[in-house]
There are 2 protein chains.
Amino acid sequence: VADRIWWRFILAVALAGLPGLPAMAQDAPQKTAEILAHKALSDDWSFKFLESLTSEIGPRLGGTEAEWRAADWAAARLKAAGMTVHTESFPMTAWLRGVETAAIVKPAPQRQAVVFRTYGDLLAAAPGSLNGKIAVVTERMVRTVDGMGYGLANPIRRQGASEAARRGAIAYLHRSLGTDNHRLAHAGALNYEDGVPKIPAAALANPDADQLERLSALGPVTVHVTLTPTTDENAHSITVVGEIKGREKPDEIVLIGAHLDSWDLGTGAIDDGAGDAIVSGVGRLIAALPQHPKRTVRIVLFGAEEMDFSDKAYETAHAGEVPKIVMAGETDFGARRVYEMRLPQGAASSPFGKMIAGLLPPLGVLLVPEAPRHGGSDIQDIGADGVPEVSLSQNGLDYFDIHHTADDTFDKVDPAELAQNVSVWAALTYLVAETGVDFRALANTAAKP
Amino acid sequence: VADRIWWRFILAVALAGLPGLPAMAQDAPQKTAEILAHKALSDDWSFKFLESLTSEIGPRLGGTEAEWRAADWAAARLKAAGMTVHTESFPMTAWLRGVETAAIVKPAPQRQAVVFRTYGDLLAAAPGSLNGKIAVVTERMVRTVDGMGYGLANPIRRQGASEAARRGAIAYLHRSLGTDNHRLAHAGALNYEDGVPKIPAAALANPDADQLERLSALGPVTVHVTLTPTTDENAHSITVVGEIKGREKPDEIVLIGAHLDSWDLGTGAIDDGAGDAIVSGVGRLIAALPQHPKRTVRIVLFGAEEMDFSDKAYETAHAGEVPKIVMAGETDFGARRVYEMRLPQGAASSPFGKMIAGLLPPLGVLLVPEAPRHGGSDIQDIGADGVPEVSLSQNGLDYFDIHHTADDTFDKVDPAELAQNVSVWAALTYLVAETGVDFRALANTAAKP
């Protein structure tokens with residue numbers, strides 16, 4: 001409650017402050033961006049979009065029929081919101097969940113579990129030392145605002161199975177990359193290394209990892225694991241695109257996106273239905289303006305991000321277009337409030353940076369001088385090809401409490417926080433599309449002295 | 001962290017205050033009670049007891065082999081802690097979990113679900129109106145400090161199935177009696193009425209109840225439910241008893257208890273391993289005194305409470321002893337701090353009440369004038385027979401976030417809060433055993449004018 005009161009206060013100040021702004025600052029693009037931002041704050045379209053996506057479509061694993069249904073659903077929504085819509089299909093290997101059980105059967109003659117309290121301990125284990133055993137890593141990821149704790153713990157899930165197999169293990173379990181204490185495991189992709197046996201691997205809920213730690217301290221622990229996932233190497237995924245064609249420079253593209261697929265345990269509300277709702281809401285607001293911005297605004301709902309296919313597929317399909325993508329941004333970190341904006345190198349101190357910086361304080365957002373660490377997993381490949389990336393940092397303190405779990409459901413999203421995201425993205429996207437700011441040129445200038 | 005600092009402050013004040021107490025108040029029983037209370041605060045025996053029970057025994061459904069293992073384990077612990085131990089077996093009907101699935105299959109020809117947003121709406125439905133349908137009640141229980149919200153919502157689970165069946169329903173689903181928003185259902189007993197079909201019934205996790213609510217607002221929802229629990233009418237349960245024989249009046253019994261059985265989804269940490277740890281810790285502290293108190297202190301770890309057998313079984317087995325049980329208390333509301341003590345009618349204003357009231361403020365506990373609302377489910381039948389009941393109120397604000405779910409695990413318990421419970425129960429139990437206070441006489445006196 002206190003939080004909402006604070007937010008209303010900010011909004012009241014922002015609205016009250018509008019007429020008082022000096023006329024100089026009221027050039028047309030900034031004024032329109034302000035109106036868009038304020039409209040977004042009191043608009044529940046994105047929240048309803050998310051409610052419908054999570055309720056009527058629900059879980060939508062990349063490369064499955066559920067993802068294609070989501071794509072149909074999204075295409076219709078974007079069209080109804082005034083955008084020009086098309087879809088882009090690409091091949092992928094789909095992953096399909098099977099039976100998953102893991103039981104501690106201490107007194108029974110099953111496989112012995114070897115519990116490592118840190119990932120470093122597993123890496124320090126000698127070759128052959130895990131022969132015939134189940135390796136377990138119980139290192140805990142650390143809660144941070146920006147998700148850095150997830151990034152640093154990621155090898156535990158990504159590489160752990162191959163590292164365990166390299167040392168002889170016949171299965172691998174690890175503590176979920178999650179900051180909660182619920183009996184819900186956090187899913188996630190892993191990478192099997194070539195030349196190392198592909199052993200079964202799974203994540204344990206935090207309390208179960210605790211239990212294995214406690215029991216292993218008391219003596220040998222035996223565990224029975226059943227995992228029967230399958231893959232389909234001939235699957236395909238679908239990316240949905242909505243555009244607002246630029247009125248003067250239609251070939252210059254301002255791209256913002258999120259991913260439409262989700263893990264299957266929850267209904268993909270914070271990961272990444274919220275992102276879909278945010279960028280689609282931005283597209284709707286811009287499409288409803290009296291005139292389109294000068295450049296084309298492209299809303300991309302990527303397929304198969306969770307399965308690691310989205311970035312390469314987009315880069316491959318749009319290689320020739322890369323020089324004309326003037327900005328790429330992605331929202332894929334939940335639905336909490338944005339507190340920080342990062343523009344490409346050199347832009348924060350430019351006239352464009354000053355213009356947008358003037359809009360942000362009433363929205364509770366700080367423009368910081370640094371360029372984005374990374375724009376996001378869907379746009380990292382085109383980013384590496386030179387597309388200027390922007391990022392909006394969201395409060396991620398509780399993101400990894402529910403990320404990739406059955407708990408990722410609609411009830412976790414606060415409508416006011418979601419609307420603030422739409423507001424900030426709308427202002428930024430519109431201004432880049434309308435002012436014609438050239439981030440590549442600003443970066444070159446910044447790099448010279 | 002702030003909470004712990006506050007607690008250390010209280011403790012520091014308590015310890016600093018000891019030498020300053022007027023000599024008059026320092027009669028021997030009060031002094032010993034103070035020492036017990038302070039010992040308990042810095043003692044981790046109960047916390048380790050709980051760790052071992054939840055890790056080495058784990059879930060222990062009443063009437064099953066797991067409960068009997070828990071009984072063996074507890075008997076050995078109480079004996080090692082200096083108590084005289086015996087066990088009491090009684091017959092019961094055991095319940096055994098089977099397969100449990102419920103899937104929304106909207107477009108498929110399964111059973112239609114009729115969603116009632118309040119339990120009152122179900123009760124208002126006409127006879128026959130649910131013929132062949134699945135009744136769903138999505139009313140939400142309310143979070144309160146004292147659990148009153150649970151008590152008032154209880155008929156939704158206890159009687160809902162029979163009420164739905166009476167109106168023709170072929171299955172019954174209800175929103176879990178729980179205050180969290182996790183994808184974990186809250187288990188619990190229900191009562192089938194005689195003469196009404198015993199239809200399958202199950203609890204939905206809160207987010208799933210939300211989902212059914214949302215979808216039912218959009219149109220007909222069909223649901224497929226599979227439930228295959230079984231019962232064993234020839235099962236038995238075991239209650240474990242540890243005693244410290246009174247040195248002057250061994251036939252007068254001061255009884256404190258908790259229940260040893262648990263639901264099977266978690267490991268029974270807050271319900272009611274914490275209670276077992278608290279009362280066992282009290283028994284251990286009193287057994288370790290230089291001399292036993294005048295009356296007998298009886299620690300009872302009840303079997304089969306969750307299955308509703310504990311109270312009647314204890315009353316039946318101990319009918320002749322009831323007049324000699326001078327006090328009964330039970331702890332079965334988690335492991336959070338105690339904030340309030342209630343003594344039998346007339347006792348708070350008596351010299352005994354004043355003596356104990358003097359000990360409580362440093363422990364953060366208030367002695368209130370009212371008698372207990374109810375002593376607890378294990379002792380309600382002997383309470384109805386006239387055994388004076390005491391109660392300690394714990395902070396239960398988050399108790400129903402994890403009550404009866406898979407989340408009821410050891411990591412949810414704070415050692416300092418658990419120790420405070422042991423501290424307060426130890427002071428009260430010892431003082432009643434040593435001073436010979438006669439609660440029945442006080443109640444009679446109080447009732448007269």
# chains A, B, ... in the order shown; residues from 1 in each chain; ligands from 1
call {"tool": "residues_around", "arguments": {"residues": "A:Gly242", "least_positions_apart": "4", "cutoff": "10 Å", "atoms": "only C-alpha atoms", "output": "number ranges by chain"}}
result
A: 74-75, 77-79, 81-87, 279-280, 283-284, 297-301
call {"tool": "write_last_selection", "arguments": {"atoms": "N, CA, C and O atoms", "output": "mmCIF file, in the first residue's frame"}}
result
data_model
loop_
_atom_site.group_PDB
_atom_site.id
_atom_site.type_symbol
_atom_site.label_atom_id
_atom_site.label_comp_id
_atom_site.auth_asym_id
_atom_site.auth_seq_id
_atom_site.Cartn_x
_atom_site.Cartn_y
_atom_site.Cartn_z
ATOM 1 N N ALA A 74 -1.156 -13.799 -30.339
ATOM 2 C CA ALA A 74 -0.426 -12.526 -30.290
ATOM 3 C C ALA A 74 -0.575 -11.759 -31.605
ATOM 4 O O ALA A 74 -0.738 -10.530 -31.611
ATOM 5 N N ALA A 75 -0.523 -12.483 -32.709
ATOM 6 C CA ALA A 75 -0.652 -11.813 -34.013
ATOM 7 C C ALA A 75 -1.995 -11.090 -34.098
ATOM 8 O O ALA A 75 -2.081 -9.937 -34.544
ATOM 9 N N ARG A 77 -3.766 -9.998 -31.589
ATOM 10 C CA ARG A 77 -3.757 -8.863 -30.653
ATOM 11 C C ARG A 77 -3.026 -7.658 -31.237
ATOM 12 O O ARG A 77 -3.462 -6.519 -31.095
ATOM 13 N N LEU A 78 -1.865 -7.919 -31.824
ATOM 14 C CA LEU A 78 -1.075 -6.803 -32.366
ATOM 15 C C LEU A 78 -1.822 -6.150 -33.520
ATOM 16 O O LEU A 78 -1.809 -4.924 -33.680
ATOM 17 N N LYS A 79 -2.482 -6.965 -34.318
ATOM 18 C CA LYS A 79 -3.255 -6.441 -35.444
ATOM 19 C C LYS A 79 -4.396 -5.551 -34.934
ATOM 20 O O LYS A 79 -4.586 -4.428 -35.391
ATOM 21 N N ALA A 81 -4.437 -4.002 -32.334
ATOM 22 C CA ALA A 81 -3.881 -2.802 -31.699
ATOM 23 C C ALA A 81 -3.318 -1.833 -32.740
ATOM 24 O O ALA A 81 -2.644 -0.867 -32.382
ATOM 25 N N GLY A 82 -3.568 -2.092 -34.020
ATOM 26 C CA GLY A 82 -3.221 -1.109 -35.038
ATOM 27 C C GLY A 82 -1.889 -1.330 -35.735
ATOM 28 O O GLY A 82 -1.437 -0.475 -36.502
ATOM 29 N N MET A 83 -1.243 -2.464 -35.486
ATOM 30 C CA MET A 83 0.050 -2.714 -36.124
ATOM 31 C C MET A 83 -0.104 -3.566 -37.375
ATOM 32 O O MET A 83 -1.078 -4.292 -37.544
ATOM 33 N N THR A 84 0.899 -3.462 -38.256
ATOM 34 C CA THR A 84 1.001 -4.349 -39.411
ATOM 35 C C THR A 84 1.741 -5.597 -38.951
ATOM 36 O O THR A 84 2.850 -5.488 -38.417
ATOM 37 N N VAL A 85 1.130 -6.759 -39.134
ATOM 38 C CA VAL A 85 1.650 -7.960 -38.465
ATOM 39 C C VAL A 85 2.095 -9.021 -39.466
ATOM 40 O O VAL A 85 1.459 -9.237 -40.493
ATOM 41 N N HIS A 86 3.227 -9.645 -39.182
ATOM 42 C CA HIS A 86 3.592 -10.874 -39.885
ATOM 43 C C HIS A 86 4.282 -11.821 -38.903
ATOM 44 O O HIS A 86 4.648 -11.410 -37.798
ATOM 45 N N THR A 87 4.447 -13.079 -39.305
ATOM 46 C CA THR A 87 5.152 -14.036 -38.447
ATOM 47 C C THR A 87 6.352 -14.582 -39.201
ATOM 48 O O THR A 87 6.391 -14.565 -40.432
ATOM 49 N N VAL A 279 5.976 -4.440 -24.507
ATOM 50 C CA VAL A 279 6.324 -3.951 -25.850
ATOM 51 C C VAL A 279 5.093 -3.881 -26.750
ATOM 52 O O VAL A 279 4.994 -2.975 -27.597
ATOM 53 N N SER A 280 4.148 -4.800 -26.546
ATOM 54 C CA SER A 280 2.921 -4.728 -27.350
ATOM 55 C C SER A 280 2.124 -3.485 -26.975
ATOM 56 O O SER A 280 1.533 -2.826 -27.840
ATOM 57 N N GLY A 283 3.660 -0.584 -28.697
ATOM 58 C CA GLY A 283 3.266 -0.559 -30.109
ATOM 59 C C GLY A 283 1.862 -0.004 -30.282
ATOM 60 O O GLY A 283 1.598 0.813 -31.166
ATOM 61 N N ARG A 284 0.970 -0.424 -29.405
ATOM 62 C CA ARG A 284 -0.415 0.044 -29.487
ATOM 63 C C ARG A 284 -0.505 1.554 -29.294
ATOM 64 O O ARG A 284 -1.204 2.265 -30.027
ATOM 65 N N VAL A 297 8.695 1.642 -36.193
ATOM 66 C CA VAL A 297 8.781 0.987 -34.878
ATOM 67 C C VAL A 297 8.417 -0.476 -35.076
ATOM 68 O O VAL A 297 7.366 -0.787 -35.657
ATOM 69 N N ARG A 298 9.296 -1.356 -34.632
ATOM 70 C CA ARG A 298 9.061 -2.795 -34.807
ATOM 71 C C ARG A 298 8.981 -3.486 -33.444
ATOM 72 O O ARG A 298 9.928 -3.458 -32.672
ATOM 73 N N ILE A 299 7.840 -4.096 -33.204
ATOM 74 C CA ILE A 299 7.620 -4.863 -31.971
ATOM 75 C C ILE A 299 7.849 -6.330 -32.299
ATOM 76 O O ILE A 299 7.156 -6.885 -33.159
ATOM 77 N N VAL A 300 8.815 -6.960 -31.639
ATOM 78 C CA VAL A 300 9.130 -8.361 -31.950
ATOM 79 C C VAL A 300 8.853 -9.244 -30.729
ATOM 80 O O VAL A 300 9.401 -9.026 -29.649
ATOM 81 N N LEU A 301 7.985 -10.233 -30.922
ATOM 82 C CA LEU A 301 7.738 -11.241 -29.876
ATOM 83 C C LEU A 301 8.458 -12.516 -30.320
ATOM 84 O O LEU A 301 7.971 -13.265 -31.177
#
call {"tool": "select_by_dssp", "arguments": {"residues": "stretch 90-198 of chain A", "states": "strand (DSSP E or B)", "output": "PyMOL selection string"}}
result
chain A and resi 90-96+100-104+111-116+134-137+171-175
call {"tool": "residues_around", "arguments": {"residues": "B:Arg60", "least_positions_apart": "3", "cutoff": "6 Å", "atoms": "only C-alpha atoms", "output": "list in words"}}
result
Ala66, Glu67, Asp261 and Ser262 of chain B
call {"tool": "residues_around", "arguments": {"residues": "B:Glu340", "least_positions_apart": "3", "cutoff": "6 Å", "atoms": "only C-alpha atoms", "output": "list of chain:residue names"}}
result
B:Val365, B:Leu366, B:Leu367, B:Leu392, B:Ser393
call {"tool": "write_last_selection", "arguments": {"atoms": "all heavy atoms", "output": "PDB file, in the first residue's frame"}}
result
ATOM      1  N   VAL B 365       6.178 -11.227  26.266  1.00  0.00           N
ATOM      2  CA  VAL B 365       4.864 -11.883  26.335  1.00  0.00           C
ATOM      3  C   VAL B 365       3.965 -11.136  27.317  1.00  0.00           C
ATOM      4  O   VAL B 365       4.408 -10.726  28.387  1.00  0.00           O
ATOM      5  CB  VAL B 365       5.011 -13.352  26.783  1.00  0.00           C
ATOM      6  CG1 VAL B 365       3.648 -14.021  26.919  1.00  0.00           C
ATOM      7  CG2 VAL B 365       5.881 -14.112  25.787  1.00  0.00           C
ATOM      8  N   LEU B 366       2.716 -10.979  26.945  1.00  0.00           N
ATOM      9  CA  LEU B 366       1.728 -10.310  27.789  1.00  0.00           C
ATOM     10  C   LEU B 366       0.776 -11.349  28.375  1.00  0.00           C
ATOM     11  O   LEU B 366       0.254 -12.191  27.656  1.00  0.00           O
ATOM     12  CB  LEU B 366       0.942  -9.323  26.921  1.00  0.00           C
ATOM     13  CG  LEU B 366       0.008  -8.358  27.644  1.00  0.00           C
ATOM     14  CD1 LEU B 366       0.807  -7.309  28.407  1.00  0.00           C
ATOM     15  CD2 LEU B 366      -0.922  -7.684  26.625  1.00  0.00           C
ATOM     16  N   LEU B 367       0.564 -11.268  29.688  1.00  0.00           N
ATOM     17  CA  LEU B 367      -0.475 -12.100  30.300  1.00  0.00           C
ATOM     18  C   LEU B 367      -1.789 -11.343  30.203  1.00  0.00           C
ATOM     19  O   LEU B 367      -1.920 -10.242  30.749  1.00  0.00           O
ATOM     20  CB  LEU B 367      -0.141 -12.386  31.771  1.00  0.00           C
ATOM     21  CG  LEU B 367      -1.202 -13.200  32.529  1.00  0.00           C
ATOM     22  CD1 LEU B 367      -1.345 -14.606  31.963  1.00  0.00           C
ATOM     23  CD2 LEU B 367      -0.878 -13.246  34.019  1.00  0.00           C
ATOM     24  N   LEU B 392      -0.632 -20.280  24.809  1.00  0.00           N
ATOM     25  CA  LEU B 392       0.340 -19.248  24.438  1.00  0.00           C
ATOM     26  C   LEU B 392       0.058 -18.897  22.985  1.00  0.00           C
ATOM     27  O   LEU B 392       0.065 -19.786  22.125  1.00  0.00           O
ATOM     28  CB  LEU B 392       1.773 -19.778  24.586  1.00  0.00           C
ATOM     29  CG  LEU B 392       2.209 -20.218  25.992  1.00  0.00           C
ATOM     30  CD1 LEU B 392       3.702 -20.572  26.006  1.00  0.00           C
ATOM     31  CD2 LEU B 392       1.926 -19.125  27.015  1.00  0.00           C
ATOM     32  N   SER B 393      -0.211 -17.619  22.718  1.00  0.00           N
ATOM     33  CA  SER B 393      -0.508 -17.208  21.341  1.00  0.00           C
ATOM     34  C   SER B 393       0.785 -16.864  20.620  1.00  0.00           C
ATOM     35  O   SER B 393       1.579 -16.066  21.111  1.00  0.00           O
ATOM     36  CB  SER B 393      -1.415 -15.979  21.333  1.00  0.00           C
ATOM     37  OG  SER B 393      -2.584 -16.241  22.075  1.00  0.00           O
TER      38      SER B 393
END
call {"tool": "interface_residues", "arguments": {"of": "chain B", "to": "chain A", "cutoff": "12 Å", "atoms": "only C-alpha atoms", "output": "number ranges by chain"}}
result
B: 48, 51-58, 104-107, 180-185, 205-219, 221, 265-267, 269, 401-402, 405-413
call {"tool": "residues_around", "arguments": {"residues": "B:Val142", "least_positions_apart": "4", "cutoff": "8 Å", "atoms": "only C-alpha atoms", "output": "list in words"}}
result
Gly149, Tyr150 and Thr179 of chain B
call {"tool": "write_last_selection", "arguments": {"atoms": "C-alpha atoms", "output": "PDB file, in the first residue's frame"}}
result
ATOM      1  CA  GLY B 149      -9.355 -16.668   9.226  1.00  0.00           C
ATOM      2  CA  TYR B 150      -8.546 -20.371   9.014  1.00  0.00           C
ATOM      3  CA  THR B 179      -2.605 -17.344   2.509  1.00  0.00           C
TER       4      THR B 179
END
